[in-house]
Every structure is written in structure tokens, then in C-alpha cells.
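As stored in query10.txt (compact mmCIF, C-alpha atoms):
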```
# COMPACT_ATOMS: atom_id res chain seq x y z
CA MET A 1 -25.37 -14.28 15.79
CA SER A 2 -23.93 -14.33 12.24
CA GLN A 3 -20.37 -15.45 11.69
CA LEU A 4 -17.79 -12.66 11.55
CA ARG A 5 -16.71 -12.10 7.96
CA VAL A 6 -13.05 -12.75 7.18
CA THR A 7 -12.62 -9.16 6.03
CA GLU A 8 -13.75 -7.98 9.47
CA GLN A 9 -11.66 -10.37 11.54
CA ALA A 10 -8.94 -9.02 13.81
CA SER A 11 -5.57 -8.24 12.27
CA HIS A 12 -2.69 -10.65 12.71
CA TYR A 13 -0.89 -7.70 14.30
CA ASP A 14 -1.61 -5.66 17.42
CA HIS A 15 -0.39 -2.43 18.98
CA LEU A 16 0.30 -0.94 15.56
CA GLU A 17 0.77 2.45 17.18
CA LYS A 18 3.87 1.12 18.94
CA MET A 19 5.54 -0.10 15.74
CA SER A 20 8.37 1.74 14.06
CA THR A 21 7.85 2.93 10.49
CA ALA A 22 10.01 0.05 9.24
CA GLU A 23 7.94 -2.49 11.18
CA ILE A 24 4.70 -1.08 9.79
CA LEU A 25 5.98 -1.16 6.22
CA ARG A 26 7.43 -4.66 6.45
CA SER A 27 4.23 -5.98 8.03
CA ILE A 28 2.05 -4.46 5.32
CA ASN A 29 4.36 -5.90 2.68
CA THR A 30 4.19 -9.32 4.29
CA GLU A 31 0.40 -9.24 4.18
CA ASP A 32 0.36 -7.99 0.58
CA LYS A 33 2.44 -10.98 -0.54
CA SER A 34 -0.50 -13.26 0.21
CA VAL A 35 -2.77 -11.59 -2.34
CA PRO A 36 -1.43 -13.11 -5.60
CA ILE A 37 -1.47 -16.55 -3.99
CA ALA A 38 -5.14 -16.15 -3.13
CA ILE A 39 -5.90 -15.02 -6.67
CA GLU A 40 -4.08 -18.00 -8.18
CA SER A 41 -6.64 -20.35 -6.68
CA VAL A 42 -9.56 -18.60 -8.44
CA ILE A 43 -8.04 -18.29 -11.92
CA PRO A 44 -10.48 -20.94 -13.29
CA GLN A 45 -13.40 -18.69 -12.27
CA ILE A 46 -11.74 -15.64 -13.79
CA GLU A 47 -11.17 -17.62 -16.98
CA LYS A 48 -14.82 -18.60 -17.12
CA LEU A 49 -15.91 -14.98 -16.73
CA VAL A 50 -13.45 -13.70 -19.34
CA ASP A 51 -14.57 -16.28 -21.88
CA GLY A 52 -18.20 -15.33 -21.26
CA ILE A 53 -17.43 -11.63 -21.70
CA VAL A 54 -15.49 -12.24 -24.93
CA GLU A 55 -18.30 -14.30 -26.40
CA ARG A 56 -20.78 -11.50 -25.72
CA ALA A 57 -18.41 -8.69 -26.70
CA GLN A 58 -18.10 -10.23 -30.16
CA ARG A 59 -21.83 -9.53 -30.48
CA GLY A 60 -21.44 -5.97 -29.24
CA GLY A 61 -21.85 -6.65 -25.52
CA ARG A 62 -20.43 -4.40 -22.82
CA VAL A 63 -19.13 -4.86 -19.29
CA PHE A 64 -20.63 -2.95 -16.38
CA TYR A 65 -18.54 -2.71 -13.22
CA ILE A 66 -20.84 -2.08 -10.25
CA GLY A 67 -19.62 -1.18 -6.77
CA ALA A 68 -19.77 1.14 -3.79
CA GLY A 69 -16.98 3.05 -2.04
CA THR A 70 -13.48 1.75 -2.72
CA SER A 71 -14.83 -1.15 -4.79
CA GLY A 72 -16.79 1.19 -7.03
CA ARG A 73 -13.81 3.49 -7.48
CA LEU A 74 -11.59 0.58 -8.49
CA GLY A 75 -14.11 -0.42 -11.16
CA ILE A 76 -14.22 3.13 -12.50
CA VAL A 77 -10.42 3.31 -12.63
CA ASP A 78 -10.16 0.07 -14.61
CA ALA A 79 -12.95 1.03 -17.01
CA SER A 80 -11.53 4.52 -17.58
CA GLU A 81 -8.15 3.14 -18.62
CA ILE A 82 -9.49 0.98 -21.46
CA PRO A 83 -10.06 3.76 -24.06
CA PRO A 84 -6.57 5.30 -23.91
CA THR A 85 -4.81 1.95 -23.56
CA TYR A 86 -6.67 -0.03 -26.21
CA GLY A 87 -8.65 2.54 -28.21
CA VAL A 88 -11.93 0.88 -27.24
CA HIS A 89 -14.71 3.20 -26.11
CA ASP A 90 -17.93 2.50 -24.20
CA MET A 91 -17.28 -1.21 -23.71
CA PHE A 92 -16.23 -1.12 -20.06
CA ILE A 93 -18.49 1.08 -17.95
CA GLY A 94 -17.84 1.77 -14.27
CA LEU A 95 -20.76 2.73 -12.04
CA ILE A 96 -20.58 3.64 -8.35
CA ALA A 97 -23.32 3.91 -5.75
CA GLY A 98 -24.10 7.60 -5.35
CA GLY A 99 -22.96 8.58 -8.83
CA ASP A 100 -19.94 10.63 -9.85
CA ARG A 101 -19.98 12.61 -6.59
CA ALA A 102 -19.18 9.38 -4.75
CA ILE A 103 -15.88 9.02 -6.59
CA ARG A 104 -14.39 11.62 -4.24
CA SER A 105 -16.81 11.77 -1.33
CA ALA A 106 -18.98 9.27 0.53
CA VAL A 107 -22.67 9.46 -0.37
CA GLU A 108 -24.69 8.34 2.63
CA ALA A 109 -26.91 5.26 2.23
CA ALA A 110 -26.43 5.07 -1.56
CA GLU A 111 -25.01 1.56 -1.28
CA ASP A 112 -28.06 0.35 0.65
CA ASN A 113 -30.44 0.64 -2.34
CA PRO A 114 -30.73 -2.82 -3.96
CA GLU A 115 -32.27 -1.34 -7.12
CA GLY A 116 -29.82 1.54 -7.39
CA GLY A 117 -27.28 -0.15 -9.64
CA TRP A 118 -29.85 -1.43 -12.13
CA ASN A 119 -31.42 2.04 -12.22
CA ASP A 120 -27.98 3.55 -12.87
CA MET A 121 -27.55 1.19 -15.83
CA GLN A 122 -30.75 2.21 -17.58
CA PRO A 123 -29.34 5.17 -19.56
CA PHE A 124 -27.10 2.61 -21.28
CA ALA A 125 -30.04 0.37 -22.29
CA PRO A 126 -28.53 -2.92 -21.05
CA ASP A 127 -29.37 -6.11 -22.92
CA GLU A 128 -28.62 -9.84 -22.85
CA ASP A 129 -25.23 -9.44 -24.54
CA ASP A 130 -23.95 -7.33 -21.65
CA THR A 131 -22.14 -8.49 -18.52
CA VAL A 132 -22.37 -7.12 -14.98
CA VAL A 133 -19.39 -7.56 -12.65
CA GLY A 134 -20.28 -6.72 -9.07
CA ILE A 135 -17.36 -5.61 -6.90
CA ALA A 136 -17.77 -5.82 -3.12
CA ALA A 137 -15.06 -6.77 -0.65
CA SER A 138 -17.59 -7.67 2.02
CA GLY A 139 -19.91 -9.45 -0.39
CA THR A 140 -22.91 -7.92 1.35
CA THR A 141 -23.44 -4.55 -0.40
CA PRO A 142 -27.15 -4.29 -1.33
CA TYR A 143 -26.39 -1.99 -4.31
CA VAL A 144 -24.25 -4.75 -5.80
CA GLU A 145 -26.28 -7.78 -4.75
CA GLY A 146 -29.52 -6.26 -5.99
CA THR A 147 -28.04 -5.27 -9.33
CA LEU A 148 -26.71 -8.78 -9.92
CA LYS A 149 -30.07 -10.35 -9.12
CA ILE A 150 -32.01 -8.04 -11.43
CA ALA A 151 -29.43 -8.28 -14.22
CA ARG A 152 -29.49 -12.05 -14.03
CA GLU A 153 -33.29 -12.05 -14.25
CA HIS A 154 -32.95 -10.02 -17.44
CA GLY A 155 -30.56 -12.53 -19.00
CA LEU A 156 -27.27 -10.67 -18.57
CA LEU A 157 -24.12 -12.58 -17.66
CA THR A 158 -23.20 -11.83 -14.05
CA GLY A 159 -19.93 -12.15 -12.18
CA CYS A 160 -18.53 -10.71 -8.98
CA ILE A 161 -15.31 -10.07 -7.10
CA THR A 162 -15.57 -10.51 -3.34
CA CYS A 163 -13.17 -11.26 -0.50
CA ASN A 164 -15.43 -13.43 1.66
CA SER A 165 -16.70 -16.89 0.78
CA GLY A 166 -20.38 -17.74 0.55
CA SER A 167 -21.54 -14.12 0.60
CA PRO A 168 -24.92 -12.84 -0.69
CA VAL A 169 -23.16 -11.11 -3.60
CA ALA A 170 -21.40 -14.34 -4.59
CA LYS A 171 -24.68 -16.24 -4.42
CA ALA A 172 -26.34 -13.66 -6.66
CA ALA A 173 -23.70 -13.96 -9.39
CA GLU A 174 -23.57 -16.67 -12.03
CA ILE A 175 -19.76 -16.65 -11.91
CA PRO A 176 -18.50 -15.64 -8.44
CA ILE A 177 -14.82 -14.84 -7.94
CA GLU A 178 -14.08 -15.15 -4.23
CA VAL A 179 -10.57 -13.99 -3.37
CA VAL A 180 -10.27 -14.64 0.37
CA VAL A 181 -7.14 -12.74 1.40
CA GLY A 182 -7.71 -12.92 5.16
CA PRO A 183 -7.81 -10.20 7.82
CA GLU A 184 -6.45 -6.77 6.96
CA PHE A 185 -3.34 -5.27 8.57
CA VAL A 186 -5.60 -2.55 9.95
CA THR A 187 -8.68 -4.49 11.05
CA GLY A 188 -11.54 -4.07 8.58
CA SER A 189 -9.66 -1.71 6.25
CA THR A 190 -10.60 -3.43 3.00
CA ARG A 191 -8.95 -0.78 0.86
CA MET A 192 -5.74 -2.67 1.66
CA LYS A 193 -5.41 -6.38 0.77
CA ALA A 194 -8.99 -6.72 -0.43
CA GLY A 195 -8.64 -3.61 -2.59
CA THR A 196 -5.37 -4.89 -4.01
CA ALA A 197 -6.99 -8.22 -4.84
CA GLN A 198 -9.90 -6.51 -6.58
CA LYS A 199 -7.55 -4.29 -8.59
CA LEU A 200 -5.44 -7.26 -9.71
CA VAL A 201 -8.49 -9.28 -10.76
CA LEU A 202 -9.94 -6.32 -12.65
CA ASN A 203 -6.61 -5.94 -14.47
CA MET A 204 -6.72 -9.62 -15.37
CA ILE A 205 -10.28 -9.45 -16.66
CA SER A 206 -10.00 -6.34 -18.81
CA THR A 207 -6.52 -7.12 -20.14
CA SER A 208 -7.45 -10.69 -21.06
CA VAL A 209 -10.59 -9.49 -22.83
CA MET A 210 -8.66 -6.90 -24.82
CA VAL A 211 -6.01 -9.44 -25.83
CA ARG A 212 -8.67 -11.97 -26.84
CA LEU A 213 -10.45 -9.33 -28.93
CA GLY A 214 -7.29 -8.55 -30.88
CA HIS A 215 -6.20 -5.22 -29.43
CA VAL A 216 -2.70 -6.48 -28.65
CA ARG A 217 -0.17 -7.62 -31.24
CA GLY A 218 2.80 -9.51 -29.84
CA SER A 219 2.80 -7.77 -26.49
CA ARG A 220 2.10 -4.28 -27.78
CA MET A 221 -0.92 -2.00 -27.45
CA VAL A 222 -1.41 -1.37 -31.16
CA ASP A 223 -4.71 0.49 -30.75
CA MET A 224 -3.71 2.87 -27.96
CA GLN A 225 -4.67 6.55 -28.19
CA LEU A 226 -1.93 9.08 -28.81
CA THR A 227 -2.87 11.33 -25.91
CA ASN A 228 0.60 12.59 -24.94
CA SER A 229 4.19 12.77 -26.15
CA LYS A 230 5.19 9.65 -24.23
CA LEU A 231 2.59 7.58 -26.07
CA VAL A 232 3.54 9.09 -29.41
CA ASP A 233 7.13 8.06 -28.72
CA ARG A 234 6.04 4.57 -27.68
CA GLY A 235 3.88 4.22 -30.79
CA THR A 236 6.72 5.42 -33.02
CA ARG A 237 9.06 2.79 -31.62
CA MET A 238 6.38 0.12 -32.05
CA ILE A 239 6.12 1.03 -35.72
CA MET A 240 9.89 0.87 -36.12
CA LEU A 241 9.93 -2.62 -34.62
CA GLU A 242 6.96 -3.84 -36.65
CA THR A 243 8.05 -2.42 -40.01
CA GLY A 244 11.83 -2.31 -39.87
CA ILE A 245 11.83 1.45 -40.47
CA THR A 246 15.06 2.84 -38.98
CA ASP A 247 14.27 6.54 -39.38
CA TYR A 248 12.51 7.69 -36.17
CA GLU A 249 11.00 10.80 -37.76
CA LYS A 250 9.65 8.83 -40.70
CA ALA A 251 7.99 6.35 -38.34
CA LYS A 252 6.60 9.18 -36.23
CA ALA A 253 5.16 10.94 -39.28
CA LEU A 254 3.54 7.68 -40.34
CA LEU A 255 1.99 7.27 -36.90
CA LEU A 256 0.66 10.83 -36.76
CA LYS A 257 -0.78 10.51 -40.27
CA HIS A 258 -2.80 7.42 -39.39
CA GLY A 259 -3.38 8.15 -35.70
CA GLN A 260 -2.87 4.57 -34.59
CA VAL A 261 -0.08 2.00 -34.58
CA ARG A 262 -2.16 -0.74 -36.19
CA ALA A 263 -3.40 1.49 -39.00
CA ALA A 264 0.08 2.89 -39.66
CA VAL A 265 1.70 -0.54 -39.82
CA THR A 266 -1.04 -1.91 -42.06
CA ALA A 267 -0.73 1.03 -44.46
CA TYR A 268 3.04 0.67 -44.61
CA LYS A 269 2.97 -3.08 -45.21
CA GLU A 270 0.34 -2.69 -47.92
CA GLY A 271 2.67 -0.28 -49.70
CA GLY A 272 0.60 2.84 -49.35
CA ASP A 273 3.20 4.63 -47.20
CA ALA A 274 6.42 3.02 -48.30
```
Written form, C-alpha cells:
Amino acid sequence: MSQLRVTEQASHYDHLEKMSTAEILRSINTEDKSVPIAIESVIPQIEKLVDGIVERAQRGGRVFYIGAGTSGRLGIVDASEIPPTYGVHDMFIGLIAGGDRAIRSAVEAAEDNPEGGWNDMQPFAPDEDDTVVGIAASGTTPYVEGTLKIAREHGLLTGCITCNSGSPVAKAAEIPIEVVVGPEFVTGSTRMKAGTAQKLVLNMISTSVMVRLGHVRGSRMVDMQLTNSKLVDRGTRMIMLETGITDYEKAKALLLKHGQVRAAVTAYKEGGDA
């Protein structure tokens, strides 16, 4: 009999149905506090993956997030936030077993196809400058494991985010990130601590890559898209800070003319919009 995976082990708590709301909330919070500590121990692996991605991105490489269920959805969320936040399109690509329909509804058996992820990548014509990051809390999802194996055979950089040690997915990846957060508050419900861990690591990967590639100046998102009034206001204030312009409307007009904080600041400092 195979050893019970950590993510499937019994909760540290029992008789949840007898707990008060306050007890439930405090217990979940207590468990959640362990997640950043677990991530801290794998920062060297995250660093290695980020550096590999940056090296390839400078040659035009992309990052494919591959997952099923909650893991796949988390990858899609992270990838979808890169264009509006950093103005970078088509670099981070999130794919989920079962396709777009699986974002909202379970697609039966889609995650059991070991060639499914690689097939889903084909419309993007993957090459050796690309990176595949497999996301699987259990570390056993065939869709993810199979994709990593095939991608690695084709010379792509491969990494993974799992919440069990020594899993098939981790063994398939060149750079495994194993964040072992322990049993879930609700036994086996990996959308909880495991999902939180995956989300935090994805944030770390994509944000670090964007910073390294020059899409942040100081601590500001100088290439963000102006998709709503809040972001226009944020961009206007960034320009005021960067240029010393004190007139809000003047800074806003400069931003709207150039469509981007970086471009507006550069134009102003070069004297074209003084």
C-alpha cells in the first residue's frame, strides 16, 4: 500500500461541525499562518526557477502554467493579471485540463490525460526558450506530470509547484518547488492551505520576473494598462512623483497622451512635453 500523501492526511482538528463560527475561523487562520513559513524554506528553488525564466524571457521565451482544477485556475488567474499590471502580453499563459470550460465547471477525466497539456500548448508553438510550470497540489496529476516530461524532452525549462514531497510531478520537473504545508483544516481540501501556497508562489514567480525584466521602477508599475479610472488616477500620481509636476490635470493629460507612465515620464524628462 502506498504512503498516504500529506495533503490527504487527517486534519489536526475533528468534529468541525460542533465548532462555533469563531472557532472555525480561528482554526483556519492558525493553519494559514504556517504557509509562508513553508514557502520560506523553498525560496532557493523559486530563485532558481525565476532566474531561468528571466534568462529565457530575454530571448523571447514565455511561461506556460499547466494545471487541473483549483491548481489550473490559480495559474490562469496569475497569468491573466500580468497584461493589465505590467503591460506585458502573451508571456504568461495559463492552461487548464479541460480547456476554458473547466475554469468554472469540472471536466471529467481531463486531468487524467498525460499528453493533454502538451497538446494544449501546440497552438502556441512552444520552443526551447519557453518554460513550463506545472501546478499540482497532490503532485500526481497525469495532465501535469505528462506535460512536464514531454516539455523537458523537447528542451523546455520545467518547474513545478506541489505540496507533497517526492511526488511524480516533482520528479518530472527540472526545478521542483515542494511547499509541504501539512494536512488541510478540512481533510483533503487542497483549495485551502495548498491553494494559498500555490497562489503565493505564483505571485513570487511572476512579480520577480517582471521586476527583473524592468517593468517596475522604484516600486511602481510603470507599464500598467490604463483600464479604469482608478488606474488612471494611480498613473497620474506616479507621474507627479517621478517628474515633480504639481498640477494633477497636467500630469493626467500627459499620461493619457502617451498611454503609459513610463512613456509619459520619458517624454517629459526629454523635454518633449515640458
Give one line per residue of range 35-120 of chain A that approaches range 201-211 of chain A to at most 10 Å, naming the two atoms of the closest pair and their distance in Å to one decimal, counting all atoms listed in the file; sort by chain then ascending residue number and deliver it as a tab-separated table.
```
residue	atom	partner	partner_atom	distance
A:Pro36	CA	A:Val201	CA	9.5
A:Ile39	CA	A:Val201	CA	7.5
A:Val42	CA	A:Val201	CA	9.7
A:Ile43	CA	A:Val201	CA	9.1
A:Ile46	CA	A:Ile205	CA	7.0
A:Glu47	CA	A:Ile205	CA	8.2
A:Leu49	CA	A:Ile205	CA	7.9
A:Val50	CA	A:Ile205	CA	5.9
A:Asp51	CA	A:Val209	CA	7.9
A:Gly52	CA	A:Val209	CA	9.7
A:Ile53	CA	A:Val209	CA	7.3
A:Val54	CA	A:Val209	CA	6.0
A:Glu55	CA	A:Val209	CA	9.8
A:Ala57	CA	A:Val209	CA	8.8
A:Val63	CA	A:Ser206	CA	9.3
A:Tyr65	CA	A:Leu202	CA	9.3
A:Leu74	CA	A:Leu202	CA	8.2
A:Gly75	CA	A:Leu202	CA	7.4
A:Val77	CA	A:Leu202	CA	9.6
A:Asp78	CA	A:Leu202	CA	6.7
A:Ala79	CA	A:Ser206	CA	8.1
A:Glu81	CA	A:Ser206	CA	9.7
A:Ile82	CA	A:Ser206	CA	7.8
A:Thr85	CA	A:Met210	CA	9.7
A:Tyr86	CA	A:Met210	CA	7.3
A:Val88	CA	A:Met210	CA	8.8
A:Phe92	CA	A:Ser206	CA	8.2
```
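Residue nearest His154 in chain A within the list A:Leu200, A:Met221, A:Ala125, A:Ala253: A:Ala125 [criterion: smallest interatomic distance, only C-alpha atoms].
By chain and then residue number, the residues within 8 Å of range 98-109 of chain A are A:Ala68, A:Gly69, A:Gly72, A:Arg73, A:Asn113, counting only C-alpha atoms and disregarding those fewer than 4 positions away in sequence.
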Generate the output file for the selected residues, C-alpha atoms, as an mmCIF file, in the frame of the given file.
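File written: out_15.cif
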```
data_model
loop_
_atom_site.group_PDB
_atom_site.id
_atom_site.type_symbol
_atom_site.label_atom_id
_atom_site.label_comp_id
_atom_site.auth_asym_id
_atom_site.auth_seq_id
_atom_site.Cartn_x
_atom_site.Cartn_y
_atom_site.Cartn_z
ATOM 1 C CA ALA A 68 -19.770 1.140 -3.790
ATOM 2 C CA GLY A 69 -16.980 3.050 -2.040
ATOM 3 C CA GLY A 72 -16.790 1.190 -7.030
ATOM 4 C CA ARG A 73 -13.810 3.490 -7.480
ATOM 5 C CA ASN A 113 -30.440 0.640 -2.340
#
```
Would you kindly return, as a PyMOL selection string, each protein, DNA or RNA residue with an atom no farther than 7 Å from any atom of range 175-182 of chain A, considering all atoms listed in the file and excluding same-chain residues fewer than 4 positions away?
chain A and resi 6-7+34-35+38-39+42+45-46+49+158-165+170+193-194+197
Test item: which residues lie within 12 Å of (-0.1, 1.1, -39.9) counting only C-alpha atoms, as a VMD selection string
chain A and resid 222 to 223 235 to 236 238 to 243 245 251 to 274
As AutoDock Vina command-line options, what would the box around range 236-239 of chain A look like: edges along x, y and z, 6 Å added on every side, centre and edge lengths in Å to one decimal?
```
--center_x 7.6 --center_y 2.8 --center_z -33.7 --size_x 14.9 --size_y 17.3 --size_z 16.1
```
Which of these residues is nearest to Arg56 in chain A, using only C-alpha atoms: A:Ala10, A:Leu213, A:Ile93, A:Ile37?
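That would be A:Leu213, the residue with the smallest distance to Arg56 in chain A.
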Take range 45-63 of chain A, bring it up to N, CA and C atoms, and give me the output as an mmCIF file, keeping the file's coordinate frame.
```
data_model
loop_
_atom_site.group_PDB
_atom_site.id
_atom_site.type_symbol
_atom_site.label_atom_id
_atom_site.label_comp_id
_atom_site.auth_asym_id
_atom_site.auth_seq_id
_atom_site.Cartn_x
_atom_site.Cartn_y
_atom_site.Cartn_z
ATOM 1 N N GLN A 45 -12.179 -19.510 -12.263
ATOM 2 C CA GLN A 45 -13.400 -18.690 -12.270
ATOM 3 C C GLN A 45 -13.197 -17.435 -13.103
ATOM 4 N N ILE A 46 -12.033 -16.822 -12.985
ATOM 5 C CA ILE A 46 -11.740 -15.640 -13.790
ATOM 6 C C ILE A 46 -11.763 -16.000 -15.264
ATOM 7 N N GLU A 47 -11.175 -17.144 -15.590
ATOM 8 C CA GLU A 47 -11.170 -17.620 -16.980
ATOM 9 C C GLU A 47 -12.583 -17.794 -17.512
ATOM 10 N N LYS A 48 -13.436 -18.373 -16.715
ATOM 11 C CA LYS A 48 -14.820 -18.600 -17.120
ATOM 12 C C LYS A 48 -15.532 -17.274 -17.400
ATOM 13 N N LEU A 49 -15.284 -16.285 -16.540
ATOM 14 C CA LEU A 49 -15.910 -14.980 -16.730
ATOM 15 C C LEU A 49 -15.372 -14.289 -17.970
ATOM 16 N N VAL A 50 -14.056 -14.320 -18.157
ATOM 17 C CA VAL A 50 -13.450 -13.700 -19.340
ATOM 18 C C VAL A 50 -14.000 -14.311 -20.619
ATOM 19 N N ASP A 51 -14.067 -15.619 -20.680
ATOM 20 C CA ASP A 51 -14.570 -16.280 -21.880
ATOM 21 C C ASP A 51 -16.026 -15.887 -22.154
ATOM 22 N N GLY A 52 -16.811 -15.760 -21.087
ATOM 23 C CA GLY A 52 -18.200 -15.330 -21.260
ATOM 24 C C GLY A 52 -18.301 -13.907 -21.767
ATOM 25 N N ILE A 53 -17.440 -13.030 -21.255
ATOM 26 C CA ILE A 53 -17.430 -11.630 -21.700
ATOM 27 C C ILE A 53 -17.026 -11.555 -23.174
ATOM 28 N N VAL A 54 -15.979 -12.280 -23.543
ATOM 29 C CA VAL A 54 -15.490 -12.240 -24.930
ATOM 30 C C VAL A 54 -16.569 -12.704 -25.893
ATOM 31 N N GLU A 55 -17.234 -13.782 -25.544
ATOM 32 C CA GLU A 55 -18.300 -14.300 -26.400
ATOM 33 C C GLU A 55 -19.360 -13.235 -26.653
ATOM 34 N N ARG A 56 -19.737 -12.534 -25.601
ATOM 35 C CA ARG A 56 -20.780 -11.500 -25.720
ATOM 36 C C ARG A 56 -20.251 -10.230 -26.375
ATOM 37 N N ALA A 57 -19.000 -9.896 -26.100
ATOM 38 C CA ALA A 57 -18.410 -8.690 -26.700
ATOM 39 C C ALA A 57 -18.333 -8.816 -28.218
ATOM 40 N N GLN A 58 -18.145 -10.020 -28.712
ATOM 41 C CA GLN A 58 -18.100 -10.230 -30.160
ATOM 42 C C GLN A 58 -19.460 -9.976 -30.807
ATOM 43 N N ARG A 59 -20.495 -9.891 -29.985
ATOM 44 C CA ARG A 59 -21.830 -9.530 -30.480
ATOM 45 C C ARG A 59 -22.177 -8.091 -30.103
ATOM 46 N N GLY A 60 -21.197 -7.359 -29.605
ATOM 47 C CA GLY A 60 -21.440 -5.970 -29.240
ATOM 48 C C GLY A 60 -21.717 -5.733 -27.770
ATOM 49 N N GLY A 61 -21.568 -6.783 -26.948
ATOM 50 C CA GLY A 61 -21.850 -6.650 -25.520
ATOM 51 C C GLY A 61 -20.831 -5.801 -24.787
ATOM 52 N N ARG A 62 -21.271 -5.254 -23.660
ATOM 53 C CA ARG A 62 -20.430 -4.400 -22.820
ATOM 54 C C ARG A 62 -20.266 -5.018 -21.442
ATOM 55 N N VAL A 63 -19.380 -4.413 -20.655
ATOM 56 C CA VAL A 63 -19.130 -4.860 -19.290
ATOM 57 C C VAL A 63 -19.421 -3.708 -18.343
#
```
